[in-house]
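J.: Can you read through this structure? Questions will come right after.
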Amino acid sequence: MHSTDTIVALSTPPGRSGIGVIRLSGKGALDITRSLVRDEDFNPEPNHVTLKKIRDPENDEAIDQSLITYFKAPHSFTGEDVIELSCHGSPVLLRQIVDLILRLDARAADPGEFTLRALANGRMNLSQAEAVRDLINAQTHAAARQAVRQLGGELSSRLQPIKDSLLEIIVRLESSLEFVEDDLPSIETSHISSKISNIADYVMNLAATFRAGRLLREGIKVTLVGRPNVGKSSVFNGLLSSDRAIVTDIPGTTRDSLSELISLEGVPVLLTDTAGIRSSDDKVESLGVERTRRAMADADLVIVVLDSSEPFNAEDNEALDSVADNLHLIAHNKSDLLFFENNNISEIAHGARAIINVSAKTGAGLDALREAILEPFAISDIYDPGVLITNARHFDLLQRTHNELITSNEVLDEGRSEELILVGLHNALRFLGEITGETTTEDILSQIFSTFCIGK
Ligand SMILES: Nc1nc2c(ncn2[C@@H]2O[C@H](COP(=O)(O)OP(=O)(O)OP(=O)(O)O)[C@@H](O)[C@H]2O)c(=O)[nH]1
Ligand SMILES: [Mg+2]
């Protein structure tokens with residue numbers, strides 16, 4: 001899987017910017033750079049920046065002035081020779097320079113290939129490599145902080161002691177297999193059994209942090225629904241603190257779903273405003289309602305907006321019926337207006353997680369609504385000082401480890417042979433090793449790295 005070609009990619013996002021960084025990694029990085037600057041004797045000092053003109057090999061004309069940083073193998077991100085060219089951030093210019101480099105015996109890097117090389121050269125382990133990706137993709141501070149922790153190897157150092165004690169148990173059982181007469185005394189059996197269940201508990205607790213960890217990484221999808229004109233778009237704008245959605249007093253203003261990402265206490269929340277639910281002959285509006293239903297099906301939480309100044313009607317009931325199977329709460333909007341007395345909200349709102357009185361107009365109740373959005377997701381775990389499992393692959397492996405440990409312990413308690421107990425323990429150790437990449441097959445590796453962006 002590991003190749004020795006020299007690879008190149010633009011490491012900054014495409015588009016116009018102050019600078020754009022082109023990264024090269026591999027044996028040929030320095031020679032290629034010498035050709036770019038048309039100076040065979042160019043010998044940059046490692047970890048220092050040199051200002052140089054990049055020249056067109058055809059006519060020797062300067063294309064750009066660039067800051068060149070050389071990281072000498074093995075002291076670089078990838079463990080190979082790495083050159084970073086900080087050029088001016090024009091897409092045309094950057095494209096031209098990358099093309100030049102491609103003609104000089106380098107090839108375009110695959111997604112995540114720089115990090116893959118770092119892994120192959122022992123510069124980091126797999127969970128750290130995954131943390132690089134998560135850090136780049138982090139949508140809030142809290143998510144970035146978790147990724148930085150994993151980048152520092154916190155998860156691997158949490159796993160190391162349990163791998164060590166697992167190995168200790170395995171060695172003990174293997175040796176009693178080796179010397180048949182040396183049967184395990186029952187006192188030792190119970191000692192081993194309690195050690196295994198301690199490890200299983202530890203693994204279970206770590207796996208349990210995944211709920212919070214996933215929220216941090218993927219965010220919560222929250223969709224606003226309700227009949228036309230109750231103030232969905234106004235509540236949406238209020239939560240966003242911006243006039244993102246169009247608001248008018250004409251029912252049916254919102255035709256299409258509209259989503260924006262907000263951060264609530266560090267948790268990314270993808271908020272979606274939708275077209276009011278009602279049956280309509282208008283083609284555009286009906287299509288909009290169709291999209292509303294889809295957004296509802298996708299949501300982790302639905303907020304049903306009701307107008308507290310008007311009598312509930314059949315359309316309100318329809319909106320509530322349609323969320324009966326969703327986790328939902330009610331925003332009782334327009335609390336600044338005169339309350340319509342005959343509404344019996346507790347009767348129609350059964351099943352709602354909470355009922356919050358709000359006024360999108362004055363902003364009253366919006367903070368309570370923000371709290372109510374997070375409440376069902378137990379976000380306090382996110383502020384737990386420990387490391388969180390944020391990755392579905394890690395979660396799955398921890399669960400499998402746990403299952404193997406439980407099975408092994410059952411077999412041990414039944415007094416069956418050491419061989420049978422060992423099967424589960426070896427599996428458990430292998431699964432833990434897959435988290436940090438000690439025992440990961442190439443298939444899994446290429447699957448993981450295909451989710452990286454180019455230039456990383
Ligand atoms: N007094 C008062 N008026 C509000 C409040 N929230 C919204 N409105 C008004 O209600 C009307 C409808 O608001 P929208 O936010 O467009 O309602 P909507 O539910 O998005 O409507 P559709 O997109 O048509 O489904 C507008 O005239 C708003 O100014 C509120 O809290 N108090
Ligand atoms: Mg609207």
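Quick note on naming: the chains in the structure tokens go A, B, ... in the order shown, residues restart at 1 in each chain, and ligands are numbered from 1 in order of appearance.
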As a quick test: using only C-alpha atoms and all ligand atoms, which residues lie no more than 7 Å away from ligand 2? Give them as a PDB file with C-alpha atoms, in the first residue's frame.
T.:
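As a result, part.pdb now contains:
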ATOM      1  CA  ASN A 229     -47.669  31.874   9.409  1.00  0.00           C
ATOM      2  CA  GLY A 231     -43.614  32.142  12.911  1.00  0.00           C
ATOM      3  CA  LYS A 232     -41.282  29.233  12.029  1.00  0.00           C
ATOM      4  CA  SER A 233     -38.983  31.431   9.989  1.00  0.00           C
ATOM      5  CA  ILE A 246     -37.709  35.693   4.674  1.00  0.00           C
ATOM      6  CA  VAL A 247     -40.532  36.592   7.053  1.00  0.00           C
ATOM      7  CA  GLY A 252     -46.911  30.224   2.617  1.00  0.00           C
ATOM      8  CA  THR A 253     -43.876  32.545   2.567  1.00  0.00           C
ATOM      9  CA  THR A 254     -41.317  29.793   2.982  1.00  0.00           C
ATOM     10  CA  ASP A 273     -36.685  26.000   8.523  1.00  0.00           C
ATOM     11  CA  THR A 274     -39.418  24.462   6.403  1.00  0.00           C
ATOM     12  CA  ALA A 275     -42.479  25.320   4.359  1.00  0.00           C
ATOM     13  CA  GLY A 276     -45.655  25.405   6.449  1.00  0.00           C
TER      14      GLY A 276
END
J.: At a cut-off of 10 Å around ligand 1, and using only C-alpha atoms and all ligand atoms, what residues come up? Please write them as number ranges by chain.
T.: A: 224-238, 245-257, 273-278, 285, 289, 305-309, 332-338, 357-365
J.: Restricted to C-alpha atoms, what would the selected residues look like written as a PDB file, in the first residue's frame?
T.:
ATOM      1  CA  LEU A 224     -38.891  23.546  12.631  1.00  0.00           C
ATOM      2  CA  VAL A 225     -42.371  22.643  11.425  1.00  0.00           C
ATOM      3  CA  GLY A 226     -45.908  23.976  11.782  1.00  0.00           C
ATOM      4  CA  ARG A 227     -48.773  25.389   9.802  1.00  0.00           C
ATOM      5  CA  PRO A 228     -48.165  28.508   7.697  1.00  0.00           C
ATOM      6  CA  ASN A 229     -47.669  31.874   9.409  1.00  0.00           C
ATOM      7  CA  VAL A 230     -47.127  30.635  12.990  1.00  0.00           C
ATOM      8  CA  GLY A 231     -43.614  32.142  12.911  1.00  0.00           C
ATOM      9  CA  LYS A 232     -41.282  29.233  12.029  1.00  0.00           C
ATOM     10  CA  SER A 233     -38.983  31.431   9.989  1.00  0.00           C
ATOM     11  CA  SER A 234     -39.047  34.074  12.710  1.00  0.00           C
ATOM     12  CA  VAL A 235     -38.029  31.513  15.360  1.00  0.00           C
ATOM     13  CA  PHE A 236     -35.378  30.174  12.961  1.00  0.00           C
ATOM     14  CA  ASN A 237     -33.952  33.683  12.535  1.00  0.00           C
ATOM     15  CA  GLY A 238     -34.151  34.246  16.295  1.00  0.00           C
ATOM     16  CA  ALA A 245     -35.085  33.483   6.279  1.00  0.00           C
ATOM     17  CA  ILE A 246     -37.709  35.693   4.674  1.00  0.00           C
ATOM     18  CA  VAL A 247     -40.532  36.592   7.053  1.00  0.00           C
ATOM     19  CA  THR A 248     -43.851  38.082   5.921  1.00  0.00           C
ATOM     20  CA  ASP A 249     -47.429  38.047   7.121  1.00  0.00           C
ATOM     21  CA  ILE A 250     -48.433  36.123   4.007  1.00  0.00           C
ATOM     22  CA  PRO A 251     -49.061  32.442   4.812  1.00  0.00           C
ATOM     23  CA  GLY A 252     -46.911  30.224   2.617  1.00  0.00           C
ATOM     24  CA  THR A 253     -43.876  32.545   2.567  1.00  0.00           C
ATOM     25  CA  THR A 254     -41.317  29.793   2.982  1.00  0.00           C
ATOM     26  CA  ARG A 255     -41.364  27.556  -0.075  1.00  0.00           C
ATOM     27  CA  ASP A 256     -38.200  25.565   0.317  1.00  0.00           C
ATOM     28  CA  SER A 257     -36.330  24.091   3.297  1.00  0.00           C
ATOM     29  CA  ASP A 273     -36.685  26.000   8.523  1.00  0.00           C
ATOM     30  CA  THR A 274     -39.418  24.462   6.403  1.00  0.00           C
ATOM     31  CA  ALA A 275     -42.479  25.320   4.359  1.00  0.00           C
ATOM     32  CA  GLY A 276     -45.655  25.405   6.449  1.00  0.00           C
ATOM     33  CA  ILE A 277     -47.586  22.156   6.379  1.00  0.00           C
ATOM     34  CA  ARG A 278     -50.943  22.487   4.630  1.00  0.00           C
ATOM     35  CA  GLU A 285     -45.875  24.961  -2.260  1.00  0.00           C
ATOM     36  CA  VAL A 289     -44.348  20.533   1.901  1.00  0.00           C
ATOM     37  CA  VAL A 305     -44.229  25.939  16.236  1.00  0.00           C
ATOM     38  CA  LEU A 306     -47.747  26.964  17.336  1.00  0.00           C
ATOM     39  CA  ASP A 307     -49.280  30.443  17.391  1.00  0.00           C
ATOM     40  CA  SER A 308     -50.447  31.157  20.938  1.00  0.00           C
ATOM     41  CA  SER A 309     -52.534  34.137  19.837  1.00  0.00           C
ATOM     42  CA  HIS A 332     -45.588  28.260  21.664  1.00  0.00           C
ATOM     43  CA  ASN A 333     -44.816  31.398  19.695  1.00  0.00           C
ATOM     44  CA  LYS A 334     -46.082  34.998  19.708  1.00  0.00           C
ATOM     45  CA  SER A 335     -46.194  35.156  23.512  1.00  0.00           C
ATOM     46  CA  ASP A 336     -46.000  38.948  23.204  1.00  0.00           C
ATOM     47  CA  LEU A 337     -49.550  38.975  21.799  1.00  0.00           C
ATOM     48  CA  LEU A 338     -52.755  38.410  23.682  1.00  0.00           C
ATOM     49  CA  ASN A 357     -43.407  29.919  25.420  1.00  0.00           C
ATOM     50  CA  VAL A 358     -41.450  32.127  23.059  1.00  0.00           C
ATOM     51  CA  SER A 359     -41.743  35.347  21.188  1.00  0.00           C
ATOM     52  CA  ALA A 360     -39.617  35.500  18.064  1.00  0.00           C
ATOM     53  CA  LYS A 361     -40.513  39.165  17.947  1.00  0.00           C
ATOM     54  CA  THR A 362     -39.106  40.170  21.349  1.00  0.00           C
ATOM     55  CA  GLY A 363     -36.681  37.283  21.789  1.00  0.00           C
ATOM     56  CA  ALA A 364     -38.376  36.177  25.004  1.00  0.00           C
ATOM     57  CA  GLY A 365     -38.028  32.451  25.692  1.00  0.00           C
TER      58      GLY A 365
END
J.: From the list A:Ile373, A:Ala428, A:Ala106, A:Leu422, which residue is nearest Ser175 (chain A) when using only C-alpha atoms?
T.: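 Checking each of A:Ile373, A:Ala428, A:Ala106, A:Leu422 against Ser175 (chain A), counting only C-alpha atoms, the winner is A:Leu422.
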J.: Go ahead and compute the interatomic distance for CA of Lys163 (chain A) and CA of Gly437 (chain A), in Å to one decimal.
T.: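 Distance reported for this atom pair: 13.5 Å.
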J.: Please, what distance in Å, to one decimal, runs between CA of Ala368 (chain A) and CA of Leu264 (chain A)?
T.: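 CA of Leu264 (chain A) lies at a distance of 12.0 Å from CA of Ala368 (chain A).
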J.: For Glu438 (chain A), which residue among A:Thr390, A:Ile355, A:Arg294, A:Asn125 is the nearest when counting only C-alpha atoms?
T.: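 For Glu438 (chain A), the nearest of the candidates is A:Asn125.
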J.: Rounded to one decimal place, report the CA of Ser156 (chain A)-CA of Ser197 (chain A) distance in Å.
T.: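 Computing it gives 20.5 Å between the two atoms.
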J.: Which polymer residues have any atom within 12 Å of an atom of Leu36 (chain A), counting only C-alpha atoms, with same-chain residues fewer than 6 positions away left out, as a list of chain:residue names?
T.: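 The filter keeps A:Ala29, A:Leu30, A:Phe42, A:Lys52, A:Lys53, A:Ile54, A:Arg55, A:Asp56, A:Pro57, A:Glu58, A:Asp60, A:Glu61, A:Ala62, A:Ile63, A:Asp64, A:Gln65, A:Ser66, A:Ile68, A:Ile83, A:Leu85, A:Gln96, A:Ile97, A:Val98, A:Asp99, A:Leu100, A:Ile101, A:Leu102, A:Arg103, A:Leu104.
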J.: Using only C-alpha atoms, which of A:Thr50, A:Ile169, A:Asp396, A:Val411 sits nearest Glu188 (chain A)?
T.: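 Of all the options, A:Ile169 lies closest to Glu188 (chain A).
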J.: What's the 8 Å shell around region 74-82 of chain A, counting only C-alpha atoms, without same-chain residues fewer than 4 positions away, as a PyMOL selection string?
T.: chain A and resi 23-30+70+114-119+121-123
J.: Any chance you could export the current selection's N, CA and C atoms as a PDB file, in the first residue's frame?
T.:
ATOM      1  N   ARG A  23       1.992  21.318  -1.237  1.00  0.00           N
ATOM      2  CA  ARG A  23       2.858  20.447  -0.450  1.00  0.00           C
ATOM      3  C   ARG A  23       3.356  19.288  -1.302  1.00  0.00           C
ATOM      4  N   LEU A  24       4.628  19.002  -1.142  1.00  0.00           N
ATOM      5  CA  LEU A  24       5.267  17.880  -1.836  1.00  0.00           C
ATOM      6  C   LEU A  24       5.835  16.938  -0.800  1.00  0.00           C
ATOM      7  N   SER A  25       5.706  15.641  -1.036  1.00  0.00           N
ATOM      8  CA  SER A  25       6.330  14.701  -0.116  1.00  0.00           C
ATOM      9  C   SER A  25       6.918  13.529  -0.894  1.00  0.00           C
ATOM     10  N   GLY A  26       8.130  13.137  -0.528  1.00  0.00           N
ATOM     11  CA  GLY A  26       8.769  11.989  -1.177  1.00  0.00           C
ATOM     12  C   GLY A  26      10.217  12.299  -1.512  1.00  0.00           C
ATOM     13  N   LYS A  27      10.878  11.257  -2.000  1.00  0.00           N
ATOM     14  CA  LYS A  27      12.320  11.373  -2.292  1.00  0.00           C
ATOM     15  C   LYS A  27      12.656  12.500  -3.247  1.00  0.00           C
ATOM     16  N   GLY A  28      11.744  12.724  -4.226  1.00  0.00           N
ATOM     17  CA  GLY A  28      12.067  13.693  -5.271  1.00  0.00           C
ATOM     18  C   GLY A  28      11.720  15.129  -4.918  1.00  0.00           C
ATOM     19  N   ALA A  29      11.195  15.359  -3.700  1.00  0.00           N
ATOM     20  CA  ALA A  29      10.658  16.688  -3.366  1.00  0.00           C
ATOM     21  C   ALA A  29      11.682  17.804  -3.563  1.00  0.00           C
ATOM     22  N   LEU A  30      12.904  17.548  -3.102  1.00  0.00           N
ATOM     23  CA  LEU A  30      13.916  18.597  -3.167  1.00  0.00           C
ATOM     24  C   LEU A  30      14.376  18.841  -4.608  1.00  0.00           C
ATOM     25  N   TYR A  70      11.554  23.549   3.909  1.00  0.00           N
ATOM     26  CA  TYR A  70      12.020  22.185   3.687  1.00  0.00           C
ATOM     27  C   TYR A  70      12.008  21.437   5.023  1.00  0.00           C
ATOM     28  N   PHE A 114      -1.019  12.048   2.449  1.00  0.00           N
ATOM     29  CA  PHE A 114       0.066  12.566   3.295  1.00  0.00           C
ATOM     30  C   PHE A 114      -0.020  11.930   4.683  1.00  0.00           C
ATOM     31  N   THR A 115      -1.251  11.882   5.215  1.00  0.00           N
ATOM     32  CA  THR A 115      -1.434  11.313   6.546  1.00  0.00           C
ATOM     33  C   THR A 115      -1.185   9.802   6.525  1.00  0.00           C
ATOM     34  N   LEU A 116      -1.578   9.166   5.437  1.00  0.00           N
ATOM     35  CA  LEU A 116      -1.338   7.728   5.311  1.00  0.00           C
ATOM     36  C   LEU A 116       0.159   7.429   5.367  1.00  0.00           C
ATOM     37  N   ARG A 117       0.938   8.288   4.711  1.00  0.00           N
ATOM     38  CA  ARG A 117       2.392   8.092   4.747  1.00  0.00           C
ATOM     39  C   ARG A 117       2.943   8.320   6.150  1.00  0.00           C
ATOM     40  N   ALA A 118       2.354   9.311   6.835  1.00  0.00           N
ATOM     41  CA  ALA A 118       2.772   9.562   8.220  1.00  0.00           C
ATOM     42  C   ALA A 118       2.541   8.302   9.053  1.00  0.00           C
ATOM     43  N   LEU A 119       1.423   7.653   8.779  1.00  0.00           N
ATOM     44  CA  LEU A 119       1.074   6.422   9.499  1.00  0.00           C
ATOM     45  C   LEU A 119       2.051   5.300   9.143  1.00  0.00           C
ATOM     46  N   ASN A 121       4.994   5.500   8.088  1.00  0.00           N
ATOM     47  CA  ASN A 121       6.353   5.755   8.568  1.00  0.00           C
ATOM     48  C   ASN A 121       6.434   5.892  10.079  1.00  0.00           C
ATOM     49  N   GLY A 122       5.340   5.500  10.749  1.00  0.00           N
ATOM     50  CA  GLY A 122       5.370   5.481  12.208  1.00  0.00           C
ATOM     51  C   GLY A 122       5.362   6.857  12.852  1.00  0.00           C
ATOM     52  N   ARG A 123       4.930   7.883  12.103  1.00  0.00           N
ATOM     53  CA  ARG A 123       4.878   9.228  12.695  1.00  0.00           C
ATOM     54  C   ARG A 123       3.645   9.397  13.577  1.00  0.00           C
TER      55      ARG A 123
END
J.: Rank A:Val203, A:Leu369, A:Val171, A:Ile448 by their smallest atom-to-atom distance to Ile356 (chain A), using only C-alpha atoms, and report the top residue only.
T.: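 Under the stated criterion, the closest residue is A:Leu369.
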J.: As a list in words, please: every residue in region 199-290 of chain A that a backbone DSSP assignment puts in strand (DSSP E).
T.: Ile220, Lys221, Val222, Thr223, Leu224, Val225, Leu258, Ser259, Glu260, Leu261, Ile262, Ser263, Leu264, Val267, Pro268, Val269, Leu270, Leu271, Thr272 and Asp273 of chain A
